$ cat data_33.txt   # compact mmCIF, C-alpha atoms
# COMPACT_ATOMS: atom_id res chain seq x y z
CA MET H 891 21.27 -7.53 6.78
CA THR H 892 18.36 -5.90 8.60
CA THR H 893 14.73 -7.00 8.35
CA PHE H 894 11.35 -5.81 9.54
CA PRO H 895 9.77 -7.85 12.36
CA ASP H 896 6.80 -10.12 11.73
CA ILE H 897 4.20 -7.75 13.15
CA SER H 898 0.52 -6.83 13.32
CA ILE H 899 -0.76 -3.26 13.56
CA SER H 900 -4.19 -2.41 14.96
CA THR H 901 -6.26 0.74 14.52
CA GLU H 902 -9.82 1.53 15.59
CA ARG H 903 -11.30 -0.19 12.51
CA LEU H 904 -8.49 -2.22 10.96
CA VAL H 905 -5.93 -4.94 11.61
CA LEU H 906 -2.79 -4.98 9.44
CA ARG H 907 -1.25 -8.44 9.66
CA PRO H 908 0.86 -10.93 7.70
CA PHE H 909 -0.94 -12.62 4.83
CA GLU H 910 -2.39 -16.08 5.37
CA ASP H 911 -3.36 -18.95 3.05
CA ALA H 912 -7.01 -18.12 3.68
CA ASP H 913 -6.49 -14.73 1.96
CA VAL H 914 -5.73 -16.24 -1.46
CA SER H 915 -9.21 -16.04 -2.98
CA ALA H 916 -10.03 -12.53 -1.73
CA TYR H 917 -6.60 -11.23 -2.71
CA ALA H 918 -6.90 -12.61 -6.25
CA GLU H 919 -10.36 -11.05 -6.59
CA MET H 920 -9.06 -7.65 -5.43
CA MET H 921 -6.08 -7.73 -7.78
CA ASN H 922 -8.38 -8.32 -10.77
CA ASP H 923 -10.29 -5.09 -10.13
CA GLU H 924 -10.06 -2.63 -13.03
CA MET H 925 -8.53 0.20 -10.98
CA VAL H 926 -5.89 -2.15 -9.61
CA THR H 927 -5.15 -3.36 -13.12
CA ALA H 928 -4.87 0.22 -14.39
CA TRP H 929 -2.45 1.52 -11.77
CA THR H 930 -0.29 -1.47 -10.84
CA SER H 931 2.04 -3.81 -12.69
CA ALA H 932 0.33 -6.95 -11.36
CA PRO H 933 -0.12 -9.71 -13.97
CA GLN H 934 -3.51 -9.85 -15.66
CA PRO H 935 -5.60 -11.82 -15.29
CA TYR H 936 -4.45 -12.33 -11.71
CA THR H 937 -5.05 -15.97 -10.80
CA GLU H 938 -5.32 -17.70 -7.46
CA ASP H 939 -2.00 -19.35 -8.26
CA ASP H 940 -0.49 -15.85 -8.59
CA ALA H 941 -2.01 -14.89 -5.25
CA ARG H 942 -0.79 -18.04 -3.55
CA ASP H 943 2.74 -17.56 -4.89
CA TRP H 944 2.75 -13.98 -3.61
CA ILE H 945 1.36 -14.86 -0.19
CA THR H 946 3.45 -17.96 0.49
CA ARG H 947 6.74 -17.17 -1.26
CA LEU H 948 7.30 -13.68 -2.67
CA ALA H 949 5.91 -11.51 0.13
CA PRO H 950 7.68 -13.44 2.94
CA ALA H 951 10.94 -13.20 0.96
CA GLU H 952 10.56 -9.41 0.73
CA ARG H 953 10.62 -9.27 4.53
CA THR H 954 13.25 -11.89 5.31
CA GLU H 955 15.64 -10.48 2.69
CA GLY H 956 15.27 -6.95 4.10
CA ARG H 957 13.63 -5.33 1.08
CA GLY H 958 10.33 -4.42 2.73
CA ILE H 959 7.15 -5.85 4.23
CA SER H 960 3.64 -6.61 2.94
CA LEU H 961 0.62 -6.59 5.25
CA ALA H 962 -2.95 -7.68 4.68
CA VAL H 963 -5.39 -4.94 5.74
CA THR H 964 -8.53 -6.42 7.30
CA GLU H 965 -11.64 -5.07 8.98
CA PHE H 966 -11.42 -5.46 12.74
CA LEU H 967 -15.06 -6.53 13.13
CA THR H 968 -15.56 -8.78 10.08
CA GLN H 969 -11.97 -9.96 9.37
CA ARG H 970 -12.73 -9.25 5.70
CA LEU H 971 -9.75 -8.35 3.47
CA VAL H 972 -9.83 -4.60 2.85
CA GLY H 973 -6.58 -4.34 0.92
CA THR H 974 -2.84 -4.38 1.34
CA VAL H 975 -0.08 -2.02 2.46
CA GLN H 976 3.49 -2.55 1.32
CA LEU H 977 6.86 -1.06 2.15
CA ARG H 978 9.30 -1.64 -0.72
CA ASP H 979 12.75 -0.59 -1.92
CA THR H 980 13.83 -0.12 1.69
CA SER H 981 17.18 1.52 2.45
CA TRP H 982 18.36 0.66 5.94
CA ARG H 983 21.28 3.07 5.69
CA VAL H 984 19.08 6.04 4.73
CA ARG H 985 16.21 4.74 6.94
CA SER H 986 13.78 5.21 4.07
CA SER H 987 11.14 3.06 2.39
CA GLU H 988 8.55 3.38 -0.38
CA LEU H 989 4.88 3.00 0.59
CA HIS H 990 2.27 1.35 -1.64
CA TYR H 991 -1.39 0.57 -0.96
CA VAL H 992 -4.26 -1.17 -2.70
CA ILE H 993 -7.88 -1.14 -1.50
CA ALA H 994 -10.59 -3.58 -2.60
CA PRO H 995 -13.42 -1.96 -4.61
CA TRP H 996 -16.08 -2.72 -1.99
CA ALA H 997 -14.05 -0.91 0.70
CA ARG H 998 -13.31 2.34 -1.14
CA GLY H 999 -14.66 5.64 0.09
CA GLU H 1000 -14.44 4.65 3.77
CA GLY H 1001 -11.06 6.20 4.53
CA TYR H 1002 -9.43 2.78 4.93
CA ALA H 1003 -6.44 3.60 2.71
CA SER H 1004 -5.58 6.70 4.74
CA GLU H 1005 -6.09 4.89 8.04
CA ALA H 1006 -3.87 1.96 7.01
CA ALA H 1007 -1.18 4.17 5.47
CA LEU H 1008 -1.05 6.44 8.51
CA ALA H 1009 -0.83 3.49 10.91
CA THR H 1010 2.03 2.05 8.86
CA ALA H 1011 3.84 5.40 8.88
CA GLN H 1012 3.42 5.79 12.63
CA TRP H 1013 4.85 2.32 13.21
CA LEU H 1014 7.74 2.87 10.80
CA PHE H 1015 8.73 6.21 12.34
CA ASN H 1016 8.06 5.47 16.01
CA ASP H 1017 8.97 1.79 16.33
CA GLN H 1018 11.51 1.29 13.55
CA ARG H 1019 13.07 4.77 13.78
CA PHE H 1020 12.86 5.43 10.06
CA GLU H 1021 13.27 8.99 8.80
CA ARG H 1022 11.55 9.09 5.41
CA ILE H 1023 8.67 7.48 3.51
CA GLU H 1024 8.31 7.96 -0.22
CA LEU H 1025 5.19 7.53 -2.34
CA ARG H 1026 4.91 7.59 -6.12
CA THR H 1027 1.49 8.09 -7.70
CA ALA H 1028 0.59 8.07 -11.38
CA ALA H 1029 -0.35 11.52 -12.64
CA ASP H 1030 -4.00 10.57 -13.26
CA ASN H 1031 -4.45 8.45 -10.14
CA THR H 1032 -6.28 11.08 -8.10
CA ALA H 1033 -7.46 8.61 -5.44
CA ALA H 1034 -3.89 7.67 -4.52
CA GLN H 1035 -2.89 11.34 -4.50
CA GLN H 1036 -5.73 12.18 -2.09
CA VAL H 1037 -4.48 9.51 0.32
CA ALA H 1038 -0.97 10.96 0.18
CA GLN H 1039 -2.30 14.43 0.95
CA LYS H 1040 -4.53 13.22 3.81
CA ILE H 1041 -1.64 11.62 5.70
CA GLY H 1042 0.52 14.73 5.39
CA CYS H 1043 2.78 13.92 2.44
CA ILE H 1044 4.57 16.71 0.60
CA SER H 1045 4.74 16.70 -3.20
CA GLU H 1046 8.39 16.88 -4.29
CA GLY H 1047 8.10 16.88 -8.07
CA VAL H 1048 7.31 14.89 -11.19
CA LEU H 1049 9.19 12.03 -12.82
CA ARG H 1050 8.33 12.44 -16.48
CA GLY H 1051 7.25 9.34 -18.37
CA ALA H 1052 8.42 7.13 -15.51
CA TRP H 1053 5.52 4.66 -15.33
CA ILE H 1054 3.49 2.37 -17.55
CA ALA H 1055 -0.22 2.42 -16.72
CA ARG H 1056 -2.94 0.38 -18.41
CA THR H 1057 -6.22 1.45 -19.98
CA ARG H 1058 -9.03 -0.27 -21.80
CA ASN H 1059 -8.57 -0.53 -25.56
CA GLY H 1060 -11.67 1.13 -26.96
CA GLY H 1061 -11.14 -0.49 -30.33
CA ASP H 1062 -10.97 -4.00 -28.94
CA PRO H 1063 -14.37 -5.78 -28.98
CA PHE H 1064 -13.10 -8.05 -26.20
CA GLY H 1065 -12.20 -5.09 -23.96
CA GLY H 1066 -8.49 -5.78 -23.79
CA TRP H 1067 -5.90 -3.60 -22.09
CA ILE H 1068 -3.24 -1.40 -23.65
CA GLU H 1069 -0.19 0.10 -21.95
CA VAL H 1070 0.31 3.88 -21.81
CA ARG H 1071 3.29 5.84 -20.51
CA THR H 1072 2.56 8.34 -17.77
CA ASP H 1073 4.28 10.65 -15.29
CA LEU H 1074 4.80 9.86 -11.62
CA ILE H 1075 4.28 12.38 -8.82
CA VAL H 1076 6.82 11.89 -6.02
CA TRP H 1077 5.66 12.48 -2.44
CA SER H 1078 7.59 12.32 0.81
CA LEU H 1079 6.61 11.95 4.43
CA LEU H 1080 8.96 12.77 7.31
CA PRO H 1081 8.24 12.21 11.02
CA GLU H 1082 7.49 15.88 11.61
CA ASP H 1083 4.91 15.86 8.82
CA LEU H 1084 2.63 13.68 10.95
CA GLU H 1085 2.08 16.42 13.52
CA GLY H 1086 -1.61 17.25 13.54
CA VAL H 1087 -2.52 14.67 10.91
CA GLY H 1088 -4.14 12.35 13.43
CA GLU H 1089 -6.42 15.10 14.69
CA GLN H 1090 -7.45 16.03 11.16
CA LEU H 1091 -8.33 12.45 10.28
CA ALA H 1092 -10.17 12.02 13.57
CA GLU H 1093 -12.49 14.80 12.44
CA SER H 1094 -13.32 12.61 9.44
CA GLY H 1095 -14.77 9.96 11.75
CA PHE H 1096 -12.03 7.59 12.91
CA SER H 1097 -9.25 7.51 15.43
CA ALA H 1098 -5.71 7.73 14.12
CA TYR H 1099 -4.37 5.84 17.14
CA SER H 1100 -2.58 2.66 16.26
CA ASP H 1101 -0.90 -0.11 18.22
CA TRP H 1102 1.47 -2.87 17.11
CA ASN H 1103 2.87 -6.12 18.40
$ encode --input "data_33.txt" --output "structure tokens"
Amino acid sequence: MTTFPDISISTERLVLRPFEDADVSAYAEMMNDEMVTAWTSAPQPYTEDDARDWITRLAPAERTEGRGISLAVTEFLTQRLVGTVQLRDTSWRVRSSELHYVIAPWARGEGYASEAALATAQWLFNDQRFERIELRTAADNTAAQQVAQKIGCISEGVLRGAWIARTRNGGDPFGGWIEVRTDLIVWSLLPEDLEGVGEQLAESGFSAYSDWN
């Protein structure tokens, strides 16, 4: 069995590191955001017990059992939790993994998702010698699709009716959620796709350079 190392990745504005007990409250708050609820399969409401179980048991097991790795994304200056980046469904034979990202509502619009995703891709390709990253975005999740495009991903096609999203039930006076079937857009990123991406993102106001230890 092969596993990812217990690492931290630094960019100009962010630190991607293993989750800590101190992240429980902020992580639970982020996972209860309406956009996160709509586009993920996280339980709702998402409690601090859910967050603690993820941080202390489930996420570490993903890494030690070779399935992937989950990193907390934090601001370099404030240490505040910006979001999370995950690699899942990893194939060590194919050298491929599936990338997921979630950004807290207060941190959106700052380019943090693209910066964190690009840093993760650079580490995975350059340090771990992987050959492919795959992303799957719900058909109506335009924000996730924009991140995929910014880091150089190529759209490969559509998986019809392959995901269950959630939306507010307009007929429910308590504002409950209902599940709706939707398509998934499949994106891929290969090492050669990163050529020039760093320079393009630098023009948006941040350095694409990343370092890891």
$ atom_distance --input "data_33.txt" --atom1 "CA of Arg903 in chain H" --atom2 "CA of Ser960 in chain H"
18.9 Å
$ residues_around --input "data_33.txt" --residues "Gly973 in chain H" --least-positions-apart "5" --cutoff "6 Å" --atoms "only C-alpha atoms" --output "list of chain:residue names"
H:Val963, H:Val992, H:Ile993, H:Ala994
$ write_last_selection --input "data_33.txt" --atoms "C-alpha atoms" --output "PDB file, keeping the file's coordinate frame"
ATOM      1  CA  VAL H 963      -5.390  -4.940   5.740  1.00  0.00           C
ATOM      2  CA  VAL H 992      -4.260  -1.170  -2.700  1.00  0.00           C
ATOM      3  CA  ILE H 993      -7.880  -1.140  -1.500  1.00  0.00           C
ATOM      4  CA  ALA H 994     -10.590  -3.580  -2.600  1.00  0.00           C
TER       5      ALA H 994
END
$ closest_residue --input "data_33.txt" --among "H:Cys1043, H:Ala951, H:Ala912, H:Leu989" --to "Ala1006 in chain H" --atoms "only C-alpha atoms"
H:Leu989
$ residues_around --input "data_33.txt" --residues "Glu988 in chain H" --least-positions-apart "5" --cutoff "9 Å" --atoms "only C-alpha atoms" --output "number ranges by chain"
H: 958, 976-980, 1022-1026
$ write_last_selection --input "data_33.txt" --atoms "C-alpha atoms" --output "PDB file, in the coordinates of the input"
ATOM      1  CA  GLY H 958      10.330  -4.420   2.730  1.00  0.00           C
ATOM      2  CA  GLN H 976       3.490  -2.550   1.320  1.00  0.00           C
ATOM      3  CA  LEU H 977       6.860  -1.060   2.150  1.00  0.00           C
ATOM      4  CA  ARG H 978       9.300  -1.640  -0.720  1.00  0.00           C
ATOM      5  CA  ASP H 979      12.750  -0.590  -1.920  1.00  0.00           C
ATOM      6  CA  THR H 980      13.830  -0.120   1.690  1.00  0.00           C
ATOM      7  CA  ARG H1022      11.550   9.090   5.410  1.00  0.00           C
ATOM      8  CA  ILE H1023       8.670   7.480   3.510  1.00  0.00           C
ATOM      9  CA  GLU H1024       8.310   7.960  -0.220  1.00  0.00           C
ATOM     10  CA  LEU H1025       5.190   7.530  -2.340  1.00  0.00           C
ATOM     11  CA  ARG H1026       4.910   7.590  -6.120  1.00  0.00           C
TER      12      ARG H1026
END
$ residues_around --input "data_33.txt" --residues "Val1037 in chain H" --least-positions-apart "5" --cutoff "12 Å" --atoms "all atoms listed in the file" --output "ChimeraX atom specification"
/H:989-993,998-1008,1025-1027,1031-1032,1042-1044,1077,1087,1091
$ atom_distance --input "data_33.txt" --atom1 "CA of Ala932 in chain H" --atom2 "CA of Ile1054 in chain H"
11.6 Å
$ atom_distance --input "data_33.txt" --atom1 "CA of Asp911 in chain H" --atom2 "CA of Pro950 in chain H"
12.3 Å
$ closest_residue --input "data_33.txt" --among "H:Ala1033, H:Ala1028, H:Ala916, H:Leu1084" --to "Trp1013 in chain H" --atoms "only C-alpha atoms"
H:Leu1084
$ axis_aligned_box --input "data_33.txt" --around "range 989-997 of chain H" --padding-each-side "8 Å" --output "lines of an AutoDock Vina configuration file"
center_x = -5.6
center_y = -0.3
center_z = -2.0
size_x = 37.0
size_y = 22.6
size_z = 21.3
$ closest_residue --input "data_33.txt" --among "H:Ile1041, H:Thr1010, H:Gly1047, H:Met920" --to "Leu904 in chain H" --atoms "all atoms listed in the file"
H:Thr1010
$ residues_around --input "data_33.txt" --residues "Ala928 in chain H" --least-positions-apart "3" --cutoff "8 Å" --atoms "all atoms listed in the file" --output "PyMOL selection string"
chain H and resi 924-925+1055-1057
$ residues_around --input "data_33.txt" --residues "range 893-896 of chain H" --least-positions-apart "6" --cutoff "7 Å" --atoms "all atoms listed in the file" --output "ChimeraX atom specification"
/H:953-956,959
$ closest_residue --input "data_33.txt" --among "H:Glu1046, H:Asp1017, H:Asp1030, H:Glu919" --to "Trp996 in chain H" --atoms "only C-alpha atoms"
H:Glu919
$ closest_residue --input "data_33.txt" --among "H:Asp1101, H:Asp1073, H:Glu965, H:Glu1085" --to "Ala1029 in chain H" --atoms "all atoms listed in the file"
H:Asp1073
$ decode --input "data_33.txt" --residues "range 1066-1081 of chain H" --atoms "C-alpha atoms" --output "PDB file, in the first residue's frame"
ATOM      1  CA  GLY H1066     -36.053  22.517   4.074  1.00  0.00           C
ATOM      2  CA  TRP H1067     -33.869  20.923   1.414  1.00  0.00           C
ATOM      3  CA  ILE H1068     -34.877  18.603  -1.406  1.00  0.00           C
ATOM      4  CA  GLU H1069     -32.599  16.413  -3.517  1.00  0.00           C
ATOM      5  CA  VAL H1070     -32.389  16.866  -7.292  1.00  0.00           C
ATOM      6  CA  ARG H1071     -30.527  14.771  -9.852  1.00  0.00           C
ATOM      7  CA  THR H1072     -28.015  16.614 -11.996  1.00  0.00           C
ATOM      8  CA  ASP H1073     -25.254  16.030 -14.543  1.00  0.00           C
ATOM      9  CA  LEU H1074     -21.549  16.095 -13.745  1.00  0.00           C
ATOM     10  CA  ILE H1075     -18.943  17.750 -15.961  1.00  0.00           C
ATOM     11  CA  VAL H1076     -15.669  15.784 -15.968  1.00  0.00           C
ATOM     12  CA  TRP H1077     -12.418  17.753 -16.118  1.00  0.00           C
ATOM     13  CA  SER H1078      -8.837  16.537 -16.283  1.00  0.00           C
ATOM     14  CA  LEU H1079      -5.494  18.106 -15.551  1.00  0.00           C
ATOM     15  CA  LEU H1080      -2.192  16.654 -16.789  1.00  0.00           C
ATOM     16  CA  PRO H1081       1.293  17.948 -15.918  1.00  0.00           C
TER      17      PRO H1081
END
